[in-house]
Amino acid sequence: MTVFFQSLVNALQWGSFYALIALGYSMVYGVLMLFNFAHGDVFMVGAYISFIVATALTALAAAGTIAIPGWVVLLLTIVCAMMLNAIVGIIIERVGYRPLREAPRASAAITGLMIGIILETGVLAIMGAQRAKFPSLIQSVTYDVGGVFITNKKIMIVLVSIVLMLALDQFVKKTKWGMAMRAMAFDYTVVPLMGVPANVIAALTFAIGSGLAASAGCLFGVAYPVLDPYMGIVFGWKAFVAAILGGRGSILGATLAGFLLGFIEIFVALIFPSTMRDFIAYSIILLILTFRPHGFFGEPHSARLRL
Amino acid sequence: MKRSLSLVIGCLVIALALTPCAWAKSKTIKIGINAPITGDIPKVGEGSKYAAQMWLEDVEAAGGLEVGGQKYKVELVIEDNEAKAESAVKANTKMITQDEVLAIVGPQSSKQAVPAGGVANDWATPMITPWSTNPDSTKDRPYVFRGCFLDPFQGPVVANFITEEFGAAKAAVLYDVASDYPKGLAEFFKIAWEKIHGPGSVVAFESFTTKDADFSSQLTKIIQSGAEVIFTPQYYNEVALIVQQAHELGWQKPIVGSDSWGSAETVNLCGPDCYGLFFSSHYAAAGATGSTKAFIDRYEKKYGYVPDDVAALTWDSLGIVQKAIESMGKMTGNIEKDRTAVRNALAKVKDFEGITGKMTFTEDGDPIKCAVIVKINDKGEFEFYKSVCP
């Protein structure tokens, strides 16, 4: 039983990352009808930005320039990284996708792959091939709850993720900008004619998606403090699977599917030989998609899809 | 006038014809060093060169090598292989055919040592590669030897060490199934461990794939299996994650690694989580004693930094060549015969006392030698802990 609860805790943390990244895929798809295949690498860039910000802040704190505790540094790092990565997202949209908005969808998908390679090799050139060590901002404390080991990091990661997801949900539902995004998702062609600035909404969508990816990158650095320029590729694919599983364009779906993916991976590795983990985990997901081809919350193909 | 000219020419021709004999009679032994002085890993080449020059100093101070009661001068032929396989082959060919070296030490990496070893074996010239761990370097090549242990040997070494040190009976292994070195070593360890403790004593044999960052499922399983120790033959980036996550899941027991841990990056990435852990390696600089310490101190004083394992293994390889040559009894002057004599003497070397441990060659030219167990001390340094023999 402790094994079950221990794995539940592990899966919650692991699933948070998938959920945060899947949200970016899903939102961009919902509004612009395109899969941003560079999103895994946007996550990697977010992790590196967090690394730079955190290292700089830690150095300042160590030099005595600013006296702030580690958790404040962490909070500042997340906020800074989200803002900086949002700018990266806006640039990607402006340079990579906007010129191709009327081009065939395949061109946009290929553009995503190319941007991904540019980001990977760019970070490789700037940061070097050696692994970056994410500074330990908060002292890891392990709590033993009846044989289940929970660290303060795990609690923090899951809480921050849930807060961000709720904030996103409220933003999309309650604000004027959120309404404009939903309207764009409803009809991409007509809504701009009614005075909704399509380019601004597109940029905003990318900014939010990239911001969430940066928060995932920062939290990832806290949990797994070894970064390399290619860390985003497979992670991006898996989060993409979560976005599809949740239903393209669905925020709730992407969140739940992200967590579900984390659970499946963790529990499959627990029950079956770990060598078979991804083989079995993704076979299960393939099976789910066979019976629910549009994911959990996706709608069947309708007029609103331009694919 | 014409007569005296032809006399002078005649004398010169005779002198020239006699020169090679004169050289041979002046008793010089040439040893080739095939090292990556330039290229991707110049530090490795530098270590090899410096170690060789220190060895030469010692030999010169002793007045040369003594074979059958006669002193022979030693000359080093250092060739750059640019860390490339084809250049290493070229360097070996040149040293064997033009420089007429008696034996070759190097190349260091398996990438160069495997093809260059083929050349040395074809020309029947003894060669020792100090650093190459790939079995192919020496396999089916009677003239090729190596200065370090192989992976099929490292598995039992770690298994013995854990058994003695921690008294553990149940072990867990966590390794990358997609990478040759960890996978091979994990399997060698499992075989060795089950030989000591019986079938089923490796209670968890868990794997992951390259680039994985979360090992919580595998570690949860390992903790549940009742294992008393984790063996993880991974590279430094994964070591940091595995050790940290194990501690966060409540694992307080030992975690042991292999020579792939022996990079300064391990401690950089892992931090205090790795302090107090052990791994097997070729040699440890901090806390070394006896002749190893003397070598390190001398090298550091002369070149300004602590020598790495390549320098130490090169030193030992030259030492073994020296011992083999000195035990030959006599030099015939015929380079081919002498090379074969050196090869036979090398194969007969018993219990050579090197700074990286005692060595005796097997039939394949691989040494039976003790590995060094390194402890990561509280300052994050690699400290000599003990040596373990098969």
# chains A, B, ... in the order shown; residues from 1 in each chain; ligands from 1
$ closest_atom_pairs --of "chain A" --to "chain B" --cutoff "10 Å" --atoms "only C-alpha atoms" --output "tab-separated table"
residue	atom	partner	partner_atom	distance
A:Thr2	CA	B:Gln224	CA	9.5
A:Val3	CA	B:Thr220	CA	7.0
A:Phe4	CA	B:Thr220	CA	9.7
A:Gln6	CA	B:Thr220	CA	7.6
A:Ser7	CA	B:Ser217	CA	6.7
A:Val9	CA	B:Ser216	CA	9.8
A:Asn10	CA	B:Ser216	CA	6.4
A:Ala11	CA	B:Ser216	CA	8.7
A:Gln13	CA	B:Asp214	CA	9.9
A:Trp14	CA	B:Asp214	CA	7.6
A:Gln130	CA	B:Glu265	CA	9.0
A:Arg131	CA	B:Asn237	CA	7.1
A:Ala132	CA	B:Leu269	CA	7.9
A:Lys133	CA	B:Leu269	CA	5.5
A:Phe134	CA	B:Leu269	CA	8.4
A:Pro135	CA	B:Leu269	CA	9.5
A:Ser136	CA	B:Gly271	CA	9.7
A:Ser140	CA	B:Glu248	CA	8.0
A:Val141	CA	B:Glu248	CA	8.1
A:Thr142	CA	B:Glu248	CA	6.1
A:Tyr143	CA	B:Gly250	CA	9.0
A:Asp144	CA	B:Gly250	CA	8.0
A:Gly147	CA	B:Gly250	CA	8.8
A:Val148	CA	B:Leu249	CA	8.0
A:Phe149	CA	B:Leu249	CA	5.4
A:Ile150	CA	B:Leu249	CA	7.4
A:Thr151	CA	B:Glu248	CA	6.5
A:Asn152	CA	B:Glu248	CA	9.8
A:Lys153	CA	B:Glu248	CA	9.6
A:Lys154	CA	B:Glu248	CA	9.7
A:Phe220	CA	B:Ala213	CA	9.4
A:Ala223	CA	B:Gln245	CA	8.6
A:Tyr224	CA	B:Leu241	CA	6.2
A:Pro225	CA	B:Leu241	CA	7.3
A:Val226	CA	B:Asn237	CA	6.6
A:Leu227	CA	B:Asn237	CA	8.9
A:Asp228	CA	B:Lys211	CA	9.3
A:Tyr230	CA	B:Lys211	CA	8.5
A:Met231	CA	B:Lys211	CA	6.9
A:Gly232	CA	B:Lys211	CA	9.8
A:Ile233	CA	B:Lys211	CA	9.7
A:Val234	CA	B:Lys211	CA	8.3
A:Phe235	CA	B:Asp212	CA	9.2
A:Glu265	CA	B:Ser217	CA	8.6
A:Ile266	CA	B:Ser217	CA	5.5
A:Phe267	CA	B:Ser217	CA	7.3
A:Val268	CA	B:Ser217	CA	8.6
A:Ala269	CA	B:Ser217	CA	5.8
A:Leu270	CA	B:Ser217	CA	5.4
A:Ile271	CA	B:Lys221	CA	8.9
A:Pro273	CA	B:Glu206	CA	7.3
A:Ser274	CA	B:Ser207	CA	5.6
A:Thr275	CA	B:Ser207	CA	5.5
A:Met276	CA	B:Phe208	CA	9.0
A:Arg277	CA	B:Phe208	CA	8.3
A:Asp278	CA	B:Thr209	CA	9.4
$ select_by_dssp --residues "stretch 46-260 of chain B" --states "helix (DSSP H, G or I)" --output "ChimeraX atom specification"
/B:46-61,85-97,110-122,135-137,151-166,180-197,216-224,236-248,259-260
$ atom_distance --atom1 "atom CA of A:Pro69" --atom2 "atom CA of A:Phe17"
25.1 Å
$ closest_residue --among "B:Leu185, B:Ala171, B:Val59, B:Arg343" --to "B:Gly200" --atoms "only C-alpha atoms"
B:Ala171
$ residues_around --residues "stretch 273-279 of chain B" --least-positions-apart "6" --cutoff "7 Å" --atoms "only C-alpha atoms" --output "JSON, numbers by chain"
{"B": [243, 244, 254, 255, 256, 257, 258, 259, 261, 267, 373, 374, 375, 376, 377, 378, 380]}
$ write_last_selection --atoms "all heavy atoms" --output "short mmCIF file (atom, residue, chain, number, x, y, z; two decimals), in the first residue's frame"
data_model
loop_
_atom_site.label_atom_id
_atom_site.label_comp_id
_atom_site.auth_asym_id
_atom_site.auth_seq_id
_atom_site.Cartn_x
_atom_site.Cartn_y
_atom_site.Cartn_z
N VAL B 243 21.21 9.49 -7.56
CA VAL B 243 21.56 9.57 -6.14
C VAL B 243 20.61 10.51 -5.40
O VAL B 243 20.09 10.19 -4.33
CB VAL B 243 23.03 10.04 -5.99
CG1 VAL B 243 23.35 10.33 -4.53
CG2 VAL B 243 23.97 8.98 -6.52
N GLN B 244 20.35 11.67 -6.03
CA GLN B 244 19.46 12.62 -5.38
C GLN B 244 18.05 12.06 -5.19
O GLN B 244 17.46 12.17 -4.11
CB GLN B 244 19.39 13.87 -6.26
CG GLN B 244 19.68 15.14 -5.51
CD GLN B 244 20.04 16.26 -6.46
OE1 GLN B 244 19.33 16.52 -7.42
NE2 GLN B 244 21.16 16.90 -6.22
N PRO B 254 24.01 2.32 0.97
CA PRO B 254 25.05 2.74 0.01
C PRO B 254 24.64 2.65 -1.46
O PRO B 254 23.81 1.81 -1.83
CB PRO B 254 26.21 1.79 0.30
CG PRO B 254 25.71 0.76 1.22
CD PRO B 254 24.44 1.20 1.80
N ILE B 255 25.21 3.52 -2.25
CA ILE B 255 25.10 3.47 -3.71
C ILE B 255 26.53 3.40 -4.24
O ILE B 255 27.39 4.17 -3.83
CB ILE B 255 24.39 4.72 -4.26
CG1 ILE B 255 22.99 4.84 -3.67
CG2 ILE B 255 24.33 4.67 -5.79
CD1 ILE B 255 22.26 6.13 -4.02
N VAL B 256 26.79 2.42 -5.11
CA VAL B 256 28.15 2.19 -5.58
C VAL B 256 28.20 2.33 -7.10
O VAL B 256 27.25 1.95 -7.79
CB VAL B 256 28.64 0.79 -5.14
CG1 VAL B 256 30.05 0.52 -5.63
CG2 VAL B 256 28.57 0.65 -3.63
N GLY B 257 29.29 2.86 -7.61
CA GLY B 257 29.42 3.08 -9.05
C GLY B 257 30.66 2.45 -9.63
O GLY B 257 31.39 1.72 -8.95
N SER B 258 30.92 2.75 -10.90
CA SER B 258 32.06 2.17 -11.62
C SER B 258 32.98 3.29 -12.12
O SER B 258 32.77 4.44 -11.77
CB SER B 258 31.53 1.36 -12.81
OG SER B 258 30.77 2.23 -13.62
N ASP B 259 33.95 2.94 -12.96
CA ASP B 259 34.95 3.95 -13.35
C ASP B 259 34.36 5.11 -14.16
O ASP B 259 35.00 6.14 -14.31
CB ASP B 259 36.12 3.31 -14.10
CG ASP B 259 35.74 2.77 -15.46
OD1 ASP B 259 34.64 2.20 -15.57
OD2 ASP B 259 36.52 2.91 -16.40
N TRP B 261 32.17 6.98 -13.12
CA TRP B 261 31.94 8.06 -12.16
C TRP B 261 33.16 8.97 -12.04
O TRP B 261 33.07 10.07 -11.50
CB TRP B 261 31.67 7.49 -10.76
CG TRP B 261 30.32 6.90 -10.55
CD1 TRP B 261 29.56 6.23 -11.45
CD2 TRP B 261 29.56 6.91 -9.33
NE1 TRP B 261 28.39 5.84 -10.87
CE2 TRP B 261 28.36 6.23 -9.57
CE3 TRP B 261 29.79 7.43 -8.05
CZ2 TRP B 261 27.39 6.05 -8.59
CZ3 TRP B 261 28.83 7.24 -7.08
CH2 TRP B 261 27.64 6.57 -7.34
N VAL B 267 30.93 15.26 -9.14
CA VAL B 267 30.75 16.01 -7.90
C VAL B 267 30.13 17.38 -8.18
O VAL B 267 29.29 17.86 -7.43
CB VAL B 267 32.09 16.14 -7.15
CG1 VAL B 267 31.93 17.00 -5.92
CG2 VAL B 267 32.59 14.76 -6.77
N ILE B 373 39.30 1.23 -5.23
CA ILE B 373 38.00 1.72 -4.81
C ILE B 373 38.20 3.15 -4.34
O ILE B 373 39.04 3.43 -3.49
CB ILE B 373 37.41 0.86 -3.68
CG1 ILE B 373 37.22 -0.58 -4.15
CG2 ILE B 373 36.09 1.46 -3.20
CD1 ILE B 373 36.18 -0.79 -5.21
N VAL B 374 37.43 4.05 -4.93
CA VAL B 374 37.56 5.47 -4.62
C VAL B 374 36.38 5.88 -3.77
O VAL B 374 35.24 5.47 -4.01
CB VAL B 374 37.58 6.30 -5.92
CG1 VAL B 374 37.61 7.78 -5.62
CG2 VAL B 374 38.76 5.91 -6.77
N LYS B 375 36.66 6.66 -2.75
CA LYS B 375 35.59 7.21 -1.93
C LYS B 375 35.51 8.70 -2.23
O LYS B 375 36.52 9.39 -2.32
CB LYS B 375 35.90 6.99 -0.45
CG LYS B 375 34.78 7.48 0.45
CD LYS B 375 35.10 7.24 1.92
CE LYS B 375 33.88 7.64 2.76
NZ LYS B 375 34.06 7.39 4.16
N ILE B 376 34.29 9.19 -2.42
CA ILE B 376 34.12 10.64 -2.59
C ILE B 376 34.05 11.21 -1.17
O ILE B 376 33.12 10.93 -0.43
CB ILE B 376 32.83 10.96 -3.38
CG1 ILE B 376 32.85 10.24 -4.72
CG2 ILE B 376 32.68 12.46 -3.55
CD1 ILE B 376 31.60 10.42 -5.55
N ASN B 377 35.08 11.95 -0.79
CA ASN B 377 35.14 12.40 0.60
C ASN B 377 34.28 13.64 0.84
O ASN B 377 33.61 14.14 -0.07
CB ASN B 377 36.60 12.60 1.05
CG ASN B 377 37.25 13.80 0.37
OD1 ASN B 377 36.57 14.65 -0.20
ND2 ASN B 377 38.56 13.85 0.44
N ASP B 378 34.30 14.14 2.06
CA ASP B 378 33.39 15.23 2.43
C ASP B 378 33.74 16.56 1.78
O ASP B 378 33.00 17.53 1.90
CB ASP B 378 33.35 15.38 3.96
CG ASP B 378 32.67 14.18 4.58
OD1 ASP B 378 31.95 13.48 3.84
OD2 ASP B 378 32.84 13.94 5.79
N GLY B 380 34.38 16.46 -1.44
CA GLY B 380 34.07 16.20 -2.84
C GLY B 380 35.26 15.75 -3.65
O GLY B 380 35.24 15.77 -4.87
#
